[in-house]
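The structure appears right after this line, and notes come after that.
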Amino acid sequence: MVPEFGHFALILALALAVLLSSVPLAGALTGRSALQGFARPLATGQFVFIAIAFMALTRAFLLDDFSVAYVANNSNSLLPWYYKFSAVWGGHEGSLLLWILVLSGWTLAVAIFSRRLPADLLAQVLSVMGMVSVGFLLFILLTSNPFERLLPNVPADGTDLNPLLQDVGLIIHPPMLYMGYVGFSVAFAFAIAALMRGRLDSAWARWTRPWTTVAWCFLSLGIALGSWWAYYELGWGGWWFWDPVENASFLPWLAGTALMHSLAVTEKRGVFKSWTVLLAILTFSLSLLGTFLVRSGVLTSVHAFASDPTRGQFILALLGITIVASLTLYGFRAPAVHTRVRYGALSREVFLLMNNVLLMAAMLVVLVGTLYPLVLDYLGGGTLSVGEPYFNLTFSPLAVAVALMLGAGVFSRWKRTDGGWLGRQLLWPAAVSLLIAVIVPLWLGGFEPWAFVGCFAASWVLVATVRDIWGKSASRHGRMHGLRRLTRSYYGMVFGHLGMAVVMAGATVVSNYGVERDVRMTPGDQVRIGDLTFRFESIGDREGPNYTAQQGVFEVREEGRLVTTLYPEKRIYNVQRSVMTEAGIDAGLFRDLFVALGEPVNGASAWAVRIQHKPLVRWLWLGAIFMALGGGLAISDKRYRLRRRERKETDRQNASGVGEPAAEGGPG
């Protein structure tokens with residue numbers, strides 16, 4: 001009866017979502033505070049019933065209830081309990097339920113932590129999020145019921161979780177990714193509510209910015225975790241493959257990065273209002289597009305869920321309704337919030353605008369490369385593969401341009417910046433960056449044009465950021481006093497920019513100076529890469545909880561000294577009889593040593609072996625951690641924790657409709 005109770009809880013959640021999407025909105029439009037007051041209780045009730053449904057499905061997995069079709073198709077009695085838990089979101093139905101749970105969690109968080117908002121604005125924001133919940137609850141109830149029974153033919157055991165997903169990284173990766181995907185619904189809801197109110201002032205940007213930053217942090221970590229998982233689990237040793245489903249998560253990240261920067265300008269200067277709202281709509285629409293790509297069946301990927309066409313059509317209809325309705329509202333209301341403010345050609349506003357333009361160009365490059373083959377195939381134009389050469393040729397120059405613009409922009413000032421002064425500030429960062437870009441490639445093994453460009457861009461961001469810290473920390477009371485005086489928001493920007501520099505450095509070095517060898521080896525053979533010798537010592541059998549494995553032993557020595565011992569495996573999972581590769585990796589801050597077993601050659605006497613030396617590969621994920629840490633510091637800034645007196649003043653201004661005065665001149 002527990003699965004049926006979970007299904008009933010979803011039906012009740014749908015009823016509450018319908019009320020949430022209509023009752024508070026009616027109260028906001030008619031000015032009836034009693035109806036607006038229903039927003040928080042309805043958001044809480046929706047979350048409670050969705051959480052009950054999720055716990056019911058989790059219980060079915062942990063207790064091996066194979067009468068539930070979804071459990072039977074994605075679990076097995078031999079599966080360790082922690083993989084049974086992660087198997088809850090290992091398939092389409094359960095991952096969709098997790099998506100909805102995260103959405104209801106974000107809705108509840110807005111209801112709890114937005115008590116400073118005007119009541120009518122909060123009612124509109126929660127109503128918009130309730131509308132999104134209605135769409136996805138209808139989707140799961142009509143096409144993707146996770147509680148469907150197999151009665152009376154209950155299987156004795158399950159067909160097991162996909163072996164690719166039986167990994168610790170996949171326990172964390174999907175929830176992180178969904179927290180980012182779904183978190184952008186908050187920025188979307190704030191944008192739609194602001195359009196309905198017809199007022200976009202700096203207070204609106206200040207309310208929206210922390211939620212956007214938190215979602216961006218989660219998405220950054222989710223993408224990094226997916227890259228890390230692909231690196232060590234798939235056995236290829238790559239960290240990014242421009243897989244369409246990888247791109248589906250990268251698209252909203254690019255748009256969300258642009259949105260964060262645009263919100264900063266709107267908050268501080270009251271400009272780019274219409275553009276910021278459009279970015280909020282676009283970012284959430286790209287999150288829905290990613291959901292469509294993963295669940296429509298149009299993609300074949302290790303990341304995608306096999307789905308029937310009706311599911312894809314439902315999400316496509318939801319995506320279409322969201323885009324058409326929001327852009328229609330935008331078309332009618334955006335002119336009312338247009339603002340004209342003056343700023344110079346070298347002002348910070350211009351640098352941030354160019355940053356946005358470049359990020360949107362990069363997003364369009366990835367979007368075209370992802371969707372064009374699908375559209376061409378649908379129209380009967382044949383099959384076309386768009387892979388790494390296209391993305392390297394088109395995306396890489398834009399990424400370098402973003403870095404160059406970022407390094408110059410940190411020295412610019414609001415409104416206007418003197419060109420001569422800016423040039424003097426940039427002179428020695430440019431010289432130091434140029435020196436590093438020449439020395440590092442030569443030190444690593446030879447000059448490569450793209451290595452030079454990538455090292456210069458990464459060094460440019462790093463040195464410019466350090467130079468900016470040095471200048472801003474100057475104080476007559478000493479440098480440490482000056483550092484303590486800087487705000488958390490500023491340090492958040494510093495960590496975010498340093499994270500980007502670290503990612504660019506890691507990507508540049510590992511792409512240009514990583515060494516990969518595919519060789520045939522028998523026990524006793526050895527392969528030399530640089531100063532390192534990889535010796536194949538032996539191979540033997542090992543029993544896992546639900547698999548058997550052949551485990552190799554490789555010793556790595558440098559000039560006779562033992563550096564490490566690696567234990568790559570070839571696993572055969574008992575139920576599905578799937579063969580999986582488990583790489584042996586010696587991880588380090590400056591290099592990884594990577595060994596993966598391929599297929600046996602000549603029976604079992606020899607093996608195909610992939611050996612890799614990957615310099616600075618860990619910097620890719622370290623940079624993502626830095627960026628997420630920067631986002632966390634930014635949202636902890638004191639200006640997001642207004643004093644009671646300031647809150648009263650803000651509420652008074654909102655009640656009287658007082659916004660920032662518009663200045664004349666310049667585009668808004």
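The way I read the labels, and the way they are meant: chains A, B, ... in the order of the structure tokens, residue 1 as the first residue of every chain, and ligand 1 as the first ligand shown, with later ones counted on from there.
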Leu427 of chain A environment, 12 Å, only C-alpha atoms, sequence neighbours closer than 2 positions dropped, as a list in words:
Gly407, Ala408, Phe411, Gly420, Trp421, Leu422, Gly423, Arg424, Gln425, Pro429, Ala430, Ala431, Val432, Ser433, Leu434, Trp460, Val463, Ala464 and Arg467 of chain A
Could you check which of A:Leu221, A:Leu29, A:Ala596, A:Met493 is closest to Leu622 of chain A, using only C-alpha atoms?
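Checking each of A:Leu221, A:Leu29, A:Ala596, A:Met493 against Leu622 of chain A, counting only C-alpha atoms, the winner is A:Leu221.
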With only C-alpha atoms as the atoms that count, which of A:Lys268, A:Arg115, A:Arg40, A:His7 lies nearest to Gly130 of chain A?
A:Arg40
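Distance check against Asn145 of chain A using only C-alpha atoms: of A:Leu79, A:Val71, A:Asn162, A:Gly198, the minimum falls on A:Val71.
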Please provide the set of residues having any atom within 10 Å of Leu97 of chain A, restricted to only C-alpha atoms, with same-chain residues fewer than 2 positions apart removed, written as a list in words.
Leu10, Ile50, Ala51, Ala53, Phe54, Leu57, Val88, Trp89, His92, Glu93, Gly94, Ser95, Trp99, Ile100, Leu101, Val102, Leu103, Phe136, Leu137, Ile140, Ser144, Asn145 and Pro146 of chain A
So how far away is atom CA of Ile539 of chain A from atom CA of Arg571 of chain A, in Å?
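These atoms are spaced 12.8 Å apart.
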Can you check which residues of segment 53-115 of chain A DSSP gives as helix (DSSP H, G or I) on the backbone and send them as a count of residues only?
47
Spatial neighbours of Val410 of chain A, max dist 10 Å, only C-alpha atoms, sep filter under 2 positions, as a list of chain:residue names:
A:Arg348, A:Phe351, A:Leu352, A:Met405, A:Leu406, A:Gly407, A:Ala408, A:Ser412, A:Arg413, A:Val461, A:Ala464, A:Thr465, A:Arg467, A:Asp468, A:Ile469, A:Met493, A:Val494, A:His497
Identify which of the residues A:Trp619, A:Val357, A:Gly446, A:Leu566 lies closest to Val402 of chain A, counting only C-alpha atoms when measuring atom-to-atom distances.
A:Val357
Do you know which residues are at most 8 Å from segment 316-326 of chain A counting only C-alpha atoms, after dropping those on the same chain fewer than 3 positions away, and could you put them as a PDB file with C-alpha atoms, in the first residue's frame?
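Output (part.pdb):
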```
ATOM      1  CA  GLY A 135       3.375  21.233 -15.497  1.00  0.00           C
ATOM      2  CA  ILE A 192       7.871  37.175 -14.546  1.00  0.00           C
ATOM      3  CA  ILE A 281      13.707  33.769 -19.126  1.00  0.00           C
ATOM      4  CA  SER A 285      14.159  27.928 -20.866  1.00  0.00           C
ATOM      5  CA  LEU A 288      13.851  23.003 -19.737  1.00  0.00           C
ATOM      6  CA  LEU A 289      15.520  22.370 -23.096  1.00  0.00           C
ATOM      7  CA  PHE A 292      13.704  17.736 -23.097  1.00  0.00           C
ATOM      8  CA  GLY A 312       9.288  14.116 -25.270  1.00  0.00           C
ATOM      9  CA  GLN A 313       6.178  15.704 -26.776  1.00  0.00           C
ATOM     10  CA  LEU A 329       4.502  39.083 -21.393  1.00  0.00           C
ATOM     11  CA  TYR A 330       8.017  40.416 -21.952  1.00  0.00           C
TER      12      TYR A 330
END
```
Strand (DSSP E) per DSSP on the backbone: members of segment 583-645 of chain A, as a VMD selection string
chain A and resid 584 to 586 591 to 601 606 to 615
N, CA and C atoms of the current selection, written as an mmCIF file, in the first residue's frame:
```cif
data_model
loop_
_atom_site.group_PDB
_atom_site.id
_atom_site.type_symbol
_atom_site.label_atom_id
_atom_site.label_comp_id
_atom_site.auth_asym_id
_atom_site.auth_seq_id
_atom_site.Cartn_x
_atom_site.Cartn_y
_atom_site.Cartn_z
ATOM 1 N N GLY A 584 42.688 2.675 -12.941
ATOM 2 C CA GLY A 584 43.575 2.897 -11.815
ATOM 3 C C GLY A 584 44.197 4.266 -11.962
ATOM 4 N N ILE A 585 44.036 5.126 -10.959
ATOM 5 C CA ILE A 585 44.470 6.522 -11.064
ATOM 6 C C ILE A 585 45.281 6.896 -9.832
ATOM 7 N N ASP A 586 46.449 7.458 -10.062
ATOM 8 C CA ASP A 586 47.217 8.085 -8.987
ATOM 9 C C ASP A 586 47.047 9.588 -9.152
ATOM 10 N N ARG A 591 49.715 16.453 -11.503
ATOM 11 C CA ARG A 591 49.588 15.457 -12.564
ATOM 12 C C ARG A 591 48.802 14.258 -12.077
ATOM 13 N N ASP A 592 48.155 13.568 -13.004
ATOM 14 C CA ASP A 592 47.508 12.283 -12.737
ATOM 15 C C ASP A 592 48.198 11.214 -13.574
ATOM 16 N N LEU A 593 48.359 10.032 -12.994
ATOM 17 C CA LEU A 593 48.799 8.858 -13.745
ATOM 18 C C LEU A 593 47.593 7.936 -13.874
ATOM 19 N N PHE A 594 47.312 7.508 -15.095
ATOM 20 C CA PHE A 594 46.035 6.860 -15.411
ATOM 21 C C PHE A 594 46.330 5.584 -16.198
ATOM 22 N N VAL A 595 45.792 4.464 -15.711
ATOM 23 C CA VAL A 595 45.923 3.184 -16.410
ATOM 24 C C VAL A 595 44.554 2.527 -16.485
ATOM 25 N N ALA A 596 44.145 2.086 -17.681
ATOM 26 C CA ALA A 596 42.866 1.406 -17.861
ATOM 27 C C ALA A 596 43.087 0.150 -18.696
ATOM 28 N N LEU A 597 42.457 -0.950 -18.269
ATOM 29 C CA LEU A 597 42.511 -2.196 -19.026
ATOM 30 C C LEU A 597 41.478 -2.181 -20.142
ATOM 31 N N GLY A 598 41.899 -2.546 -21.342
ATOM 32 C CA GLY A 598 40.979 -2.703 -22.457
ATOM 33 C C GLY A 598 40.516 -4.144 -22.559
ATOM 34 N N GLU A 599 40.554 -4.682 -23.748
ATOM 35 C CA GLU A 599 40.119 -6.054 -23.967
ATOM 36 C C GLU A 599 41.322 -6.996 -23.979
ATOM 37 N N PRO A 600 41.119 -8.261 -23.572
ATOM 38 C CA PRO A 600 42.216 -9.224 -23.669
ATOM 39 C C PRO A 600 42.570 -9.512 -25.130
ATOM 40 N N VAL A 601 43.853 -9.717 -25.380
ATOM 41 C CA VAL A 601 44.363 -9.995 -26.719
ATOM 42 C C VAL A 601 44.993 -11.386 -26.707
ATOM 43 N N ALA A 606 47.560 -11.510 -23.160
ATOM 44 C CA ALA A 606 47.944 -10.107 -23.294
ATOM 45 C C ALA A 606 46.700 -9.234 -23.196
ATOM 46 N N TRP A 607 46.927 -7.971 -22.872
ATOM 47 C CA TRP A 607 45.809 -7.035 -22.701
ATOM 48 C C TRP A 607 46.095 -5.750 -23.469
ATOM 49 N N ALA A 608 45.026 -5.168 -23.979
ATOM 50 C CA ALA A 608 45.117 -3.803 -24.489
ATOM 51 C C ALA A 608 45.066 -2.871 -23.274
ATOM 52 N N VAL A 609 46.025 -1.982 -23.182
ATOM 53 C CA VAL A 609 46.157 -1.119 -22.006
ATOM 54 C C VAL A 609 46.258 0.339 -22.459
ATOM 55 N N ARG A 610 45.530 1.202 -21.794
ATOM 56 C CA ARG A 610 45.618 2.642 -22.035
ATOM 57 C C ARG A 610 46.353 3.285 -20.865
ATOM 58 N N ILE A 611 47.472 3.944 -21.174
ATOM 59 C CA ILE A 611 48.292 4.603 -20.161
ATOM 60 C C ILE A 611 48.329 6.089 -20.485
ATOM 61 N N GLN A 612 48.098 6.919 -19.460
ATOM 62 C CA GLN A 612 48.055 8.361 -19.686
ATOM 63 C C GLN A 612 48.785 9.103 -18.575
ATOM 64 N N HIS A 613 49.457 10.158 -18.986
ATOM 65 C CA HIS A 613 50.040 11.111 -18.050
ATOM 66 C C HIS A 613 49.327 12.434 -18.300
ATOM 67 N N LYS A 614 48.607 12.949 -17.295
ATOM 68 C CA LYS A 614 47.717 14.094 -17.495
ATOM 69 C C LYS A 614 48.113 15.220 -16.543
ATOM 70 N N PRO A 615 48.912 16.163 -17.023
ATOM 71 C CA PRO A 615 49.325 17.277 -16.150
ATOM 72 C C PRO A 615 48.186 18.254 -15.887
#
```
Can you work out the spacing between atom CA of Gly6 of chain A and atom CA of Ile172 of chain A in Å, to one decimal?
23.8 Å
Nearby residues (only C-alpha atoms) at most 7 Å from Pro441 of chain A, same-chain spacing under 5 positions excluded, as JSON, numbers by chain:
{"A": [446, 447, 448, 451, 452]}
